[in-house]
>>> print(open('final_9.cif').read())   # mmCIF, C-alpha atoms
data_upload
loop_
_atom_site.label_atom_id
_atom_site.label_comp_id
_atom_site.auth_asym_id
_atom_site.auth_seq_id
_atom_site.Cartn_x
_atom_site.Cartn_y
_atom_site.Cartn_z
CA MET A 601 92.87 72.41 91.49
CA ALA A 602 95.42 70.17 89.80
CA THR A 603 97.41 71.56 86.91
CA ASP A 604 99.44 70.45 83.96
CA ALA A 605 102.39 72.33 82.54
CA GLY A 606 100.86 75.18 80.59
CA ASP A 607 102.15 78.23 78.83
CA PRO A 608 105.32 79.73 80.27
CA ILE A 609 104.95 82.41 82.92
CA PRO A 610 105.17 85.82 81.17
CA ARG A 611 108.51 87.57 81.36
CA PHE A 612 108.99 89.95 84.27
CA PRO A 613 111.24 93.01 83.97
CA ALA A 614 115.00 92.73 84.25
CA GLY A 615 116.07 93.17 87.86
CA PHE A 616 112.77 91.85 89.25
CA LEU A 617 113.53 90.36 92.68
CA TRP A 618 112.56 86.72 93.24
CA GLY A 619 112.57 85.20 96.71
CA VAL A 620 111.00 83.09 99.42
CA SER A 621 110.04 84.00 102.98
CA THR A 622 110.08 82.51 106.49
CA SER A 623 109.86 83.80 110.06
CA ALA A 624 112.06 83.09 113.06
CA HIS A 625 109.50 81.68 115.49
CA GLN A 626 108.03 79.38 112.86
CA ILE A 627 111.27 77.66 111.83
CA GLU A 628 114.21 78.30 114.15
CA GLY A 629 113.51 76.18 117.22
CA ALA A 630 116.34 76.34 119.80
CA ALA A 631 113.90 77.99 122.18
CA ASP A 632 116.16 77.21 125.13
CA GLU A 633 118.88 79.38 123.58
CA ARG A 634 116.87 82.61 123.70
CA GLY A 635 114.53 84.47 126.01
CA PRO A 636 110.78 83.76 126.00
CA SER A 637 108.39 85.47 123.60
CA VAL A 638 104.65 86.05 123.90
CA TRP A 639 104.25 83.04 121.63
CA ASP A 640 106.11 80.77 124.06
CA VAL A 641 103.77 81.89 126.82
CA PHE A 642 100.71 81.49 124.59
CA THR A 643 101.53 78.00 123.33
CA ALA A 644 102.22 76.79 126.87
CA GLU A 645 98.56 77.41 127.72
CA PRO A 646 96.39 74.34 127.03
CA GLY A 647 93.98 74.71 124.14
CA ARG A 648 95.68 77.65 122.50
CA VAL A 649 97.22 75.62 119.63
CA LYS A 650 94.97 73.17 117.81
CA ASP A 651 97.38 70.22 117.89
CA GLY A 652 98.87 71.16 121.27
CA SER A 653 102.31 71.74 119.77
CA THR A 654 104.89 74.45 120.33
CA ALA A 655 107.73 75.93 118.30
CA ALA A 656 110.41 74.80 120.75
CA VAL A 657 112.03 72.76 117.96
CA ALA A 658 110.00 73.84 114.89
CA CYS A 659 112.19 73.05 111.84
CA ASP A 660 115.41 73.33 113.88
CA HIS A 661 116.63 75.90 111.38
CA TYR A 662 118.86 77.33 114.12
CA HIS A 663 121.07 74.23 113.88
CA ARG A 664 120.32 73.23 110.27
CA TYR A 665 120.60 76.59 108.53
CA PRO A 666 123.47 75.50 106.21
CA GLN A 667 121.17 72.81 104.79
CA ASP A 668 118.39 75.34 104.33
CA VAL A 669 120.68 77.86 102.64
CA ALA A 670 121.75 75.08 100.27
CA LEU A 671 118.05 74.57 99.44
CA LEU A 672 117.76 78.29 98.70
CA ALA A 673 120.78 78.16 96.44
CA GLY A 674 119.39 75.11 94.64
CA LEU A 675 116.08 76.90 94.16
CA GLY A 676 117.86 79.79 92.49
CA VAL A 677 116.16 82.66 94.31
CA ASP A 678 117.73 86.10 94.36
CA ALA A 679 116.77 86.79 97.96
CA TYR A 680 115.67 85.19 101.21
CA ARG A 681 113.31 87.04 103.52
CA PHE A 682 113.69 85.92 107.13
CA SER A 683 113.00 87.54 110.48
CA VAL A 684 115.28 88.07 113.43
CA SER A 685 113.84 86.96 116.77
CA TRP A 686 113.75 89.92 119.13
CA PRO A 687 114.06 87.61 122.19
CA ARG A 688 117.06 85.90 120.58
CA VAL A 689 118.76 89.19 119.72
CA ALA A 690 118.27 90.26 123.34
CA SER A 691 119.92 87.05 124.60
CA PRO A 692 123.68 86.56 124.99
CA GLY A 693 125.18 85.45 121.70
CA GLY A 694 121.84 85.71 119.91
CA LEU A 695 123.11 87.95 117.15
CA ASP A 696 125.93 85.51 116.46
CA PHE A 697 123.43 83.16 114.84
CA TYR A 698 122.22 85.83 112.43
CA ASP A 699 125.83 86.76 111.68
CA ARG A 700 126.46 83.16 110.63
CA LEU A 701 123.22 82.95 108.65
CA VAL A 702 123.88 86.19 106.76
CA ASP A 703 127.43 85.10 105.95
CA GLU A 704 126.14 81.75 104.68
CA LEU A 705 123.56 83.49 102.49
CA CYS A 706 126.07 85.92 101.05
CA ALA A 707 128.47 83.09 100.27
CA ALA A 708 125.66 81.30 98.42
CA GLY A 709 124.80 84.40 96.38
CA VAL A 710 121.41 84.90 98.09
CA ARG A 711 120.53 88.40 99.27
CA PRO A 712 119.44 88.61 102.93
CA VAL A 713 116.16 90.50 103.44
CA VAL A 714 115.63 91.01 107.16
CA THR A 715 112.26 91.43 108.87
CA LEU A 716 112.81 93.08 112.24
CA PHE A 717 109.53 92.04 113.89
CA HIS A 718 107.38 89.05 112.96
CA TRP A 719 105.06 88.72 115.99
CA ASP A 720 107.51 87.16 118.50
CA LEU A 721 107.52 90.01 121.02
CA PRO A 722 109.67 89.45 124.12
CA ALA A 723 107.38 88.20 126.88
CA SER A 724 108.37 91.13 129.11
CA LEU A 725 106.98 93.71 126.66
CA ASP A 726 103.47 94.73 125.66
CA TRP A 727 102.24 96.57 122.55
CA LEU A 728 99.57 98.25 124.68
CA GLU A 729 102.43 100.27 126.15
CA ARG A 730 103.84 103.16 124.13
CA ASP A 731 107.35 102.51 125.42
CA THR A 732 107.48 99.27 123.43
CA ALA A 733 107.84 101.34 120.25
CA ALA A 734 110.94 103.02 121.65
CA ARG A 735 112.31 99.68 122.80
CA PHE A 736 111.79 98.34 119.27
CA ALA A 737 113.85 101.21 117.83
CA ASP A 738 116.68 100.25 120.19
CA HIS A 739 116.41 96.63 119.00
CA VAL A 740 116.56 97.78 115.38
CA SER A 741 119.67 99.86 116.04
CA VAL A 742 121.43 96.85 117.55
CA VAL A 743 120.55 94.57 114.61
CA ALA A 744 121.45 97.15 111.97
CA GLY A 745 124.72 97.90 113.70
CA ARG A 746 125.71 94.24 113.54
CA LEU A 747 124.30 93.13 110.18
CA GLY A 748 124.01 96.34 108.18
CA ASP A 749 127.30 95.87 106.34
CA ARG A 750 125.81 92.83 104.56
CA VAL A 751 122.03 93.33 104.64
CA ALA A 752 120.85 95.76 101.98
CA LYS A 753 117.06 95.35 102.29
CA TRP A 754 115.07 95.74 105.51
CA ILE A 755 111.45 95.20 106.60
CA THR A 756 110.35 96.88 109.81
CA LEU A 757 107.16 94.98 110.72
CA ASN A 758 105.26 92.00 109.39
CA GLU A 759 101.46 92.23 109.29
CA PRO A 760 100.68 94.59 112.17
CA ALA A 761 97.00 94.23 111.19
CA GLU A 762 96.96 90.49 111.95
CA HIS A 763 99.03 90.91 115.10
CA THR A 764 96.52 93.49 116.30
CA LEU A 765 93.35 91.70 115.21
CA LEU A 766 94.20 88.07 115.92
CA GLY A 767 96.46 88.58 118.92
CA HIS A 768 94.80 91.44 120.76
CA ALA A 769 91.25 91.93 119.46
CA LEU A 770 90.05 88.33 118.94
CA GLY A 771 92.47 86.40 121.14
CA VAL A 772 93.27 83.54 118.76
CA HIS A 773 96.99 84.41 118.47
CA ALA A 774 99.51 85.48 121.08
CA PRO A 775 99.23 87.17 123.47
CA GLY A 776 95.63 85.90 123.45
CA ARG A 777 93.71 89.03 124.40
CA ARG A 778 90.10 89.61 123.36
CA LEU A 779 89.90 93.40 123.52
CA LEU A 780 87.92 94.05 120.31
CA PHE A 781 88.20 97.81 119.59
CA ASP A 782 90.19 98.39 122.77
CA ALA A 783 93.06 96.80 120.81
CA LEU A 784 93.47 99.96 118.69
CA PRO A 785 96.42 101.22 120.80
CA VAL A 786 98.30 98.10 119.65
CA ALA A 787 97.89 99.22 116.05
CA HIS A 788 99.10 102.74 116.81
CA HIS A 789 102.10 101.63 118.83
CA GLN A 790 103.19 99.18 116.13
CA LEU A 791 102.88 101.89 113.48
CA LEU A 792 104.85 104.26 115.67
CA ALA A 793 107.46 101.54 116.13
CA HIS A 794 107.65 101.21 112.36
CA GLY A 795 108.39 104.90 111.92
CA LEU A 796 110.97 104.91 114.71
CA ALA A 797 112.57 101.83 113.13
CA VAL A 798 112.83 103.59 109.77
CA ARG A 799 114.64 106.45 111.48
CA ALA A 800 116.95 104.06 113.31
CA LEU A 801 117.77 102.25 110.07
CA ARG A 802 118.46 105.53 108.25
CA ALA A 803 120.75 106.56 111.10
CA ALA A 804 122.62 103.28 110.62
CA GLY A 805 123.05 103.98 106.89
CA ALA A 806 120.28 101.75 105.51
CA GLU A 807 118.87 102.81 102.14
CA ASP A 808 116.40 100.07 101.16
CA ILE A 809 113.55 99.96 103.69
CA GLY A 810 109.94 98.79 103.54
CA ILE A 811 107.13 97.29 105.60
CA ALA A 812 105.19 94.04 105.01
CA ASN A 813 101.48 94.83 105.37
CA SER A 814 98.77 92.28 104.62
CA HIS A 815 96.13 93.47 102.19
CA GLY A 816 93.28 92.08 100.14
CA PRO A 817 90.23 93.44 98.35
CA THR A 818 87.06 93.68 100.42
CA TRP A 819 83.90 92.70 98.59
CA PRO A 820 80.42 93.54 99.91
CA ALA A 821 78.18 90.51 100.44
CA SER A 822 75.46 92.23 98.40
CA SER A 823 74.49 95.62 97.01
CA ALA A 824 72.30 96.27 100.05
CA PRO A 825 73.38 99.51 101.80
CA ALA A 826 74.02 97.70 105.10
CA ASP A 827 76.37 95.21 103.42
CA VAL A 828 78.17 97.92 101.45
CA ALA A 829 78.67 100.00 104.61
CA ALA A 830 79.92 97.01 106.61
CA ALA A 831 82.36 96.05 103.85
CA GLY A 832 83.63 99.62 103.75
CA PHE A 833 84.25 99.55 107.49
CA TYR A 834 86.07 96.22 107.24
CA ASP A 835 88.24 97.61 104.43
CA THR A 836 89.08 100.63 106.56
CA LEU A 837 89.97 98.49 109.56
CA LEU A 838 92.11 95.88 107.81
CA ASN A 839 93.54 97.81 104.85
CA ARG A 840 93.38 101.58 105.19
CA LEU A 841 94.14 101.73 108.93
CA PHE A 842 97.59 100.25 108.31
CA ALA A 843 98.36 101.72 104.89
CA GLU A 844 97.31 105.35 105.16
CA PRO A 845 99.31 106.42 108.23
CA VAL A 846 102.39 105.03 106.49
CA LEU A 847 101.65 106.33 102.99
CA LEU A 848 99.64 109.49 103.66
CA GLY A 849 100.56 110.45 107.22
CA GLU A 850 96.95 110.31 108.37
CA TYR A 851 94.41 107.89 109.80
CA PRO A 852 91.13 107.19 108.00
CA ASP A 853 88.30 109.45 109.14
CA GLY A 854 87.10 108.72 112.64
CA LEU A 855 90.02 106.55 113.76
CA GLY A 856 92.66 109.13 114.64
CA GLU A 857 90.79 110.39 117.70
CA LEU A 858 90.71 106.81 119.04
CA MET A 859 94.49 106.54 119.12
CA PRO A 860 96.50 106.98 122.36
CA ALA A 861 98.69 109.96 121.46
CA GLU A 862 99.21 113.28 123.22
CA ASP A 863 100.31 114.78 119.89
CA LEU A 864 98.87 112.66 117.10
CA SER A 865 100.24 114.86 114.33
CA ALA A 866 103.77 114.40 115.70
CA ASP A 867 103.30 110.63 115.85
CA LEU A 868 102.01 110.59 112.29
CA ARG A 869 105.07 112.45 111.06
CA VAL A 870 107.17 109.63 112.50
CA ILE A 871 104.91 106.89 111.11
CA ALA A 872 105.03 108.44 107.62
CA GLU A 873 108.82 108.42 107.30
CA PRO A 874 109.45 107.90 103.56
CA LEU A 875 109.92 104.31 102.41
CA ASP A 876 111.90 102.93 99.50
CA TRP A 877 109.21 100.35 98.75
CA TYR A 878 105.95 99.02 100.16
CA GLY A 879 105.51 95.33 100.95
CA VAL A 880 102.20 93.57 100.33
CA ASN A 881 101.30 90.14 101.71
CA TYR A 882 98.40 88.80 99.65
CA TYR A 883 96.35 85.66 100.21
CA ALA A 884 92.66 86.27 99.39
CA PRO A 885 89.86 88.83 99.24
CA THR A 886 87.31 89.08 102.04
CA LEU A 887 83.55 88.98 101.51
CA ALA A 888 82.08 91.17 104.25
CA GLY A 889 78.54 92.13 105.11
CA ALA A 890 76.32 93.49 107.83
CA PRO A 891 76.52 91.81 111.24
CA LEU A 892 74.62 88.57 111.67
CA ALA A 893 72.81 87.40 114.77
CA THR A 894 75.45 84.75 115.43
CA GLU A 895 79.21 84.55 115.24
CA THR A 896 80.74 83.96 111.79
CA GLU A 897 84.07 82.35 111.01
CA PHE A 898 86.84 82.71 108.46
CA ALA A 899 89.55 80.01 108.23
CA GLY A 900 88.90 79.01 111.81
CA VAL A 901 88.93 82.58 113.16
CA PRO A 902 85.71 83.53 114.98
CA ILE A 903 84.19 86.90 114.07
CA PRO A 904 82.04 87.95 117.05
CA ALA A 905 78.48 89.04 116.38
CA GLU A 906 79.04 92.30 118.28
CA LEU A 907 81.42 93.60 115.59
CA PRO A 908 79.89 95.91 112.96
CA PHE A 909 80.54 93.44 110.14
CA SER A 910 80.45 89.74 109.41
CA VAL A 911 82.71 87.69 107.15
CA ARG A 912 81.01 85.42 104.62
CA GLU A 913 82.17 82.51 102.50
CA ILE A 914 83.20 83.32 98.92
CA GLU A 915 81.25 80.71 97.01
CA GLY A 916 82.14 79.06 93.74
CA ARG A 917 85.90 79.18 94.33
CA PRO A 918 88.34 76.39 95.11
CA VAL A 919 89.82 76.56 98.58
CA THR A 920 93.19 75.62 100.00
CA ASP A 921 93.60 72.99 102.72
CA PHE A 922 93.31 75.92 105.15
CA GLY A 923 89.90 76.78 103.70
CA TRP A 924 91.11 80.02 102.13
CA PRO A 925 89.51 80.88 98.77
CA VAL A 926 91.79 80.88 95.74
CA VAL A 927 91.24 84.19 93.93
CA PRO A 928 94.36 85.15 91.96
CA GLU A 929 92.67 88.03 90.15
CA GLY A 930 92.16 89.60 93.58
CA LEU A 931 95.88 90.38 93.54
CA THR A 932 95.52 92.35 90.31
CA GLU A 933 92.48 94.14 91.72
CA LEU A 934 94.28 94.99 94.94
CA LEU A 935 97.40 96.38 93.28
CA CYS A 936 95.53 98.43 90.71
CA GLY A 937 93.26 99.71 93.48
CA PHE A 938 96.24 100.80 95.58
CA ARG A 939 97.75 102.60 92.59
CA ASP A 940 94.47 104.41 91.94
CA ARG A 941 93.86 105.25 95.61
CA TYR A 942 97.33 106.44 96.58
CA GLY A 943 98.86 107.65 93.31
CA ASP A 944 102.34 109.09 93.65
CA ARG A 945 102.28 108.55 97.43
CA LEU A 946 102.66 104.81 96.78
CA PRO A 947 106.29 103.72 96.44
CA PRO A 948 107.27 100.69 94.36
CA ILE A 949 105.61 97.50 95.60
CA ILE A 950 107.15 94.16 96.52
CA ILE A 951 104.94 91.13 97.15
CA THR A 952 106.53 90.05 100.41
CA GLU A 953 104.27 86.99 100.89
CA ASN A 954 102.01 84.89 98.70
CA GLY A 955 101.38 81.19 99.18
CA CYS A 956 99.02 78.43 100.19
CA SER A 957 98.61 75.37 102.40
CA TYR A 958 98.36 71.99 100.65
CA GLU A 959 99.39 68.49 101.63
CA GLY A 960 101.62 66.14 99.68
CA LEU A 961 104.96 66.08 97.92
CA ASP A 962 103.40 66.11 94.45
CA ASP A 963 101.67 69.39 95.25
CA GLN A 964 100.10 70.24 91.92
CA ASP A 965 97.51 72.45 93.63
CA ARG A 966 100.29 74.68 94.98
CA ILE A 967 101.84 74.86 91.53
CA ALA A 968 98.49 75.92 90.06
CA TYR A 969 98.04 78.50 92.80
CA LEU A 970 101.47 80.08 92.32
CA ASP A 971 101.21 79.94 88.55
CA ALA A 972 97.88 81.78 88.61
CA HIS A 973 99.09 84.40 91.08
CA LEU A 974 102.22 85.12 89.07
CA ARG A 975 100.05 85.68 86.01
CA ALA A 976 97.79 87.97 88.05
CA LEU A 977 100.85 89.87 89.27
CA HIS A 978 102.09 90.25 85.70
CA ALA A 979 98.67 91.60 84.73
CA ALA A 980 99.09 94.33 87.36
CA LEU A 981 102.51 95.16 85.92
CA THR A 982 101.02 95.35 82.45
CA ALA A 983 98.37 97.71 83.83
CA GLY A 984 101.11 100.04 85.01
CA VAL A 985 101.58 99.11 88.67
CA ASP A 986 105.23 99.45 89.73
CA VAL A 987 105.98 96.02 91.25
CA ARG A 988 109.62 95.16 91.88
CA GLY A 989 109.63 91.70 93.47
CA TYR A 990 107.77 88.56 94.59
CA PHE A 991 108.40 86.29 97.59
CA VAL A 992 106.70 82.91 98.02
CA TRP A 993 105.47 81.94 101.47
CA SER A 994 107.18 79.72 102.43
CA LEU A 995 110.47 77.89 101.97
CA LEU A 996 109.68 75.23 104.60
CA ASP A 997 106.67 73.56 106.16
CA ASN A 998 106.69 75.18 109.57
CA PHE A 999 104.90 75.94 112.82
CA GLU A 1000 101.74 77.64 111.57
CA TRP A 1001 100.92 79.64 114.69
CA ALA A 1002 97.63 78.58 116.33
CA GLU A 1003 97.26 75.78 113.76
CA GLY A 1004 100.47 74.13 114.99
CA TYR A 1005 101.90 71.72 112.43
CA ALA A 1006 98.57 70.99 110.76
CA ARG A 1007 99.18 73.32 107.78
CA ARG A 1008 101.89 72.98 105.16
CA PHE A 1009 102.86 76.13 103.25
CA GLY A 1010 106.36 75.04 102.23
CA LEU A 1011 108.02 74.43 98.90
CA VAL A 1012 110.06 71.97 100.96
CA HIS A 1013 108.40 69.23 103.02
CA VAL A 1014 109.63 68.92 106.60
CA ASP A 1015 109.04 65.69 108.50
CA HIS A 1016 108.29 67.12 111.92
CA GLU A 1017 109.51 63.93 113.62
CA THR A 1018 112.85 63.45 111.84
CA LEU A 1019 113.20 67.04 110.53
CA GLU A 1020 114.19 65.63 107.14
CA ARG A 1021 113.76 68.11 104.29
CA THR A 1022 112.32 66.94 100.95
CA PRO A 1023 111.77 69.37 98.07
CA LYS A 1024 108.25 69.14 96.68
CA ALA A 1025 107.12 69.30 93.06
CA SER A 1026 106.42 73.02 93.63
CA TYR A 1027 110.08 73.58 94.58
CA ARG A 1028 111.20 72.14 91.25
CA TRP A 1029 108.50 74.07 89.41
CA PHE A 1030 109.52 77.39 90.97
CA ARG A 1031 113.18 76.62 90.27
CA ASP A 1032 112.34 76.13 86.60
CA VAL A 1033 110.27 79.33 86.51
CA LEU A 1034 113.22 81.28 87.86
CA ARG A 1035 115.60 79.74 85.36
CA ALA A 1036 113.26 80.70 82.53
CA GLN A 1037 113.07 84.29 83.79
CA ARG A 1038 116.82 84.78 83.47
#
>>> encode(input="final_9.cif", output="structure tokens")
Amino acid sequence: MATDAGDPIPRFPAGFLWGVSTSAHQIEGAADERGPSVWDVFTAEPGRVKDGSTAAVACDHYHRYPQDVALLAGLGVDAYRFSVSWPRVASPGGLDFYDRLVDELCAAGVRPVVTLFHWDLPASLDWLERDTAARFADHVSVVAGRLGDRVAKWITLNEPAEHTLLGHALGVHAPGRRLLFDALPVAHHQLLAHGLAVRALRAAGAEDIGIANSHGPTWPASSAPADVAAAGFYDTLLNRLFAEPVLLGEYPDGLGELMPAEDLSADLRVIAEPLDWYGVNYYAPTLAGAPLATETEFAGVPIPAELPFSVREIEGRPVTDFGWPVVPEGLTELLCGFRDRYGDRLPPIIITENGCSYEGLDDQDRIAYLDAHLRALHAALTAGVDVRGYFVWSLLDNFEWAEGYARRFGLVHVDHETLERTPKASYRWFRDVLRAQR
């Protein structure tokens, strides 16, 4: 998928927000200076992570953050999306680190965009328990009280769908449970936590709040009724289940009665607290069809045969080093579809993650990927979708969850032995794109 310099990226509107994203557990390290998370417990179990690694050191961002902020400033982004580690915030002195980081960002002219939960739940808590949502609201109040004078943009949760599916239904992420549909309470409690967090942020004076949900088009494997029905169910489970309670204040048909709530309508009023914008993490569409007799797999994730759908390979497309299909026009399709489905209930959109895993410093495939997705995003804007920003995943090569250090999503190469940072060709390309947009 190599590329040569082509036509300039089309102009985006004035005030469009350009940024990059990371998450605490994937880059911070300094695990001995915070309490344990479910990911620390998970990675300590043999066989959970493909290369046997942990995030105990990761990129050592905790100690090297001034160097990383300098990379952000050199890149020329408007904003940096990072997450605060709930176990670190709960540890003595933990918020001091984020104080220093936010000050460093502000001094460099980079806007801090804070994600309040990115999968690293304290090991003592459990999303199967309703009380965890209330505990999350307390955590949010503490963070907002300390950082709110300098942080203008907030994200409550990152990808509750993946945390539910991969961590609790299929068992391939922390905490490693394989509950299948018995994981639905995890979805509800995270969504409830989101709504309570919005209220806590409003109480602290915050005015720029969103969520980062992962979404992608779902394509049926064929026109056969069984494939169309299975694809519709998959779309409901991975897209509508996490969008519609937030945007519409209701669950898709048939799912509400499965949720653990004494007063579901009261919970939904909390979940549907108005947002200032809606975050979309986009990577690829999914080709789904009727169940097959044997387990299927997508990007190393097993899809059990007992589920009412299977995931198929999208043929005829290049794939990233992670095996994910490269379908930039899927982003246009997704955004236009959301606009058509939700109308005036959809607030302005920010692309909170978009990126790819490729090896090498001269990463022309990543450049081609980002170039194509920016053009697809501009096509959605031209079609009338209100998109206000775009964040690349990710600034640094990092700890890629159950893949360990085998995947490289960064604009900046990190030598995981020496921790040396080296900007890649994609870093310089994105820097030049941003300069041309101004």
>>> residues_around(input="final_9.cif", residues="A:Thr894", least_positions_apart="2", cutoff="7 Å", atoms="all atoms listed in the file", output="PyMOL selection string")
chain A and resi 892+896+905
>>> write_last_selection(input="final_9.cif", atoms="C-alpha atoms", output="short mmCIF file (atom, residue, chain, number, x, y, z; two decimals), in the coordinates of the input")
data_model
loop_
_atom_site.label_atom_id
_atom_site.label_comp_id
_atom_site.auth_asym_id
_atom_site.auth_seq_id
_atom_site.Cartn_x
_atom_site.Cartn_y
_atom_site.Cartn_z
CA LEU A 892 74.62 88.57 111.67
CA THR A 896 80.74 83.96 111.79
CA ALA A 905 78.48 89.04 116.38
#
>>> atom_distance(input="final_9.cif", atom1="atom CA of A:Leu728", atom2="atom CA of A:Asp863")
17.2 Å
>>> axis_aligned_box(input="final_9.cif", around="stretch 720-737 of chain A", padding_each_side="8 Å", output="lines of an AutoDock Vina configuration file")
center_x = 106.7
center_y = 95.2
center_z = 123.5
size_x = 30.3
size_y = 32.0
size_z = 27.3
>>> resolve_selection(input="final_9.cif", expression="the PyMOL selection byres ((chain A and resi 878) around 10)", output="MDAnalysis selection string")
chainID A and resid 755 809:813 843 846:847 875:877 879:880 946:952 987:988
>>> residues_near_point(input="final_9.cif", point="(120.7, 88.8, 120.8)", cutoff="12 Å", atoms="all atoms listed in the file", output="ChimeraX atom specification")
/A:633-635,684-699,722,739-740,742-743,746
>>> resolve_selection(input="final_9.cif", expression="the PyMOL selection byres ((chain A and resi 677) around 8)", output="list in words")
Trp618, Gly619, Val620, Leu672, Ala673, Leu675, Gly676, Asp678, Ala679, Tyr680, Val710, Arg1031 and Leu1034 of chain A
>>> residues_near_point(input="final_9.cif", point="(88.4, 93.9, 118.2)", cutoff="10 Å", atoms="all atoms listed in the file", output="list in words")
Thr764, Leu765, Leu766, Gly767, His768, Ala769, Leu770, Gly771, Arg777, Arg778, Leu779, Leu780, Phe781, Asp782, Ala783, Leu784, Leu837, Ile903, Pro904, Glu906 and Leu907 of chain A
>>> closest_residue(input="final_9.cif", among="A:Glu1020, A:Asp835, A:Asp808, A:Asp944", to="A:Pro820", atoms="only C-alpha atoms")
A:Asp835
>>> resolve_selection(input="final_9.cif", expression="the PyMOL selection byres ((chain A and resi 970) around 10)", output="MDAnalysis selection string")
chainID A and resid 928 954:956 964:969 971:976 992 1026 1029:1030
>>> write_last_selection(input="final_9.cif", atoms="C-alpha atoms", output="JSON list (two decimals), keeping the file's coordinate frame")
[["chain", "number", "residue", "atom", "x", "y", "z"],
["A", 928, "PRO", "CA", 94.36, 85.15, 91.96],
["A", 954, "ASN", "CA", 102.01, 84.89, 98.70],
["A", 955, "GLY", "CA", 101.38, 81.19, 99.18],
["A", 956, "CYS", "CA", 99.02, 78.43, 100.19],
["A", 964, "GLN", "CA", 100.10, 70.24, 91.92],
["A", 965, "ASP", "CA", 97.51, 72.45, 93.63],
["A", 966, "ARG", "CA", 100.29, 74.68, 94.98],
["A", 967, "ILE", "CA", 101.84, 74.86, 91.53],
["A", 968, "ALA", "CA", 98.49, 75.92, 90.06],
["A", 969, "TYR", "CA", 98.04, 78.50, 92.80],
["A", 971, "ASP", "CA", 101.21, 79.94, 88.55],
["A", 972, "ALA", "CA", 97.88, 81.78, 88.61],
["A", 973, "HIS", "CA", 99.09, 84.40, 91.08],
["A", 974, "LEU", "CA", 102.22, 85.12, 89.07],
["A", 975, "ARG", "CA", 100.05, 85.68, 86.01],
["A", 976, "ALA", "CA", 97.79, 87.97, 88.05],
["A", 992, "VAL", "CA", 106.70, 82.91, 98.02],
["A", 1026, "SER", "CA", 106.42, 73.02, 93.63],
["A", 1029, "TRP", "CA", 108.50, 74.07, 89.41],
["A", 1030, "PHE", "CA", 109.52, 77.39, 90.97]]
>>> closest_residue(input="final_9.cif", among="A:Arg1021, A:Arg939, A:Arg1007, A:Arg1038", to="A:Trp924", atoms="all atoms listed in the file")
A:Arg1007
>>> atom_distance(input="final_9.cif", atom1="atom CA of A:Arg945", atom2="atom CA of A:Gly615")
22.8 Å
>>> residues_around(input="final_9.cif", residues="A:His794", least_positions_apart="5", cutoff="7 Å", atoms="all atoms listed in the file", output="mmCIF file with C-alpha atoms, in the frame of the given file")
data_model
loop_
_atom_site.group_PDB
_atom_site.id
_atom_site.type_symbol
_atom_site.label_atom_id
_atom_site.label_comp_id
_atom_site.auth_asym_id
_atom_site.auth_seq_id
_atom_site.Cartn_x
_atom_site.Cartn_y
_atom_site.Cartn_z
ATOM 1 C CA THR A 756 110.350 96.880 109.810
ATOM 2 C CA LEU A 757 107.160 94.980 110.720
ATOM 3 C CA ILE A 871 104.910 106.890 111.110
#
>>> residues_around(input="final_9.cif", residues="A:Thr886", least_positions_apart="4", cutoff="12 Å", atoms="only C-alpha atoms", output="ChimeraX atom specification")
/A:815-821,830-832,834-835,838-839,882,897-899,909-915,924-927,930,934
>>> write_last_selection(input="final_9.cif", atoms="C-alpha atoms", output="CSV table (one decimal), in the frame of the given file")
chain,number,residue,atom,x,y,z
A,815,HIS,CA,96.1,93.5,102.2
A,816,GLY,CA,93.3,92.1,100.1
A,817,PRO,CA,90.2,93.4,98.4
A,818,THR,CA,87.1,93.7,100.4
A,819,TRP,CA,83.9,92.7,98.6
A,820,PRO,CA,80.4,93.5,99.9
A,821,ALA,CA,78.2,90.5,100.4
A,830,ALA,CA,79.9,97.0,106.6
A,831,ALA,CA,82.4,96.0,103.8
A,832,GLY,CA,83.6,99.6,103.8
A,834,TYR,CA,86.1,96.2,107.2
A,835,ASP,CA,88.2,97.6,104.4
A,838,LEU,CA,92.1,95.9,107.8
A,839,ASN,CA,93.5,97.8,104.8
A,882,TYR,CA,98.4,88.8,99.6
A,897,GLU,CA,84.1,82.4,111.0
A,898,PHE,CA,86.8,82.7,108.5
A,899,ALA,CA,89.6,80.0,108.2
A,909,PHE,CA,80.5,93.4,110.1
A,910,SER,CA,80.4,89.7,109.4
A,911,VAL,CA,82.7,87.7,107.2
A,912,ARG,CA,81.0,85.4,104.6
A,913,GLU,CA,82.2,82.5,102.5
A,914,ILE,CA,83.2,83.3,98.9
A,915,GLU,CA,81.2,80.7,97.0
A,924,TRP,CA,91.1,80.0,102.1
A,925,PRO,CA,89.5,80.9,98.8
A,926,VAL,CA,91.8,80.9,95.7
A,927,VAL,CA,91.2,84.2,93.9
A,930,GLY,CA,92.2,89.6,93.6
A,934,LEU,CA,94.3,95.0,94.9
>>> atom_distance(input="final_9.cif", atom1="atom CA of A:Glu729", atom2="atom CA of A:Lys650")
29.3 Å
>>> closest_residue(input="final_9.cif", among="A:Pro852, A:Pro1023, A:His718, A:Trp993", to="A:Phe1009", atoms="only C-alpha atoms")
A:Trp993
>>> closest_residue(input="final_9.cif", among="A:Phe922, A:Pro760, A:Asp827, A:Leu792", to="A:Phe842", atoms="all atoms listed in the file")
A:Pro760
>>> residues_around(input="final_9.cif", residues="A:Ser637", least_positions_apart="5", cutoff="6 Å", atoms="only C-alpha atoms", output="PyMOL selection string")
chain A and resi 720-723
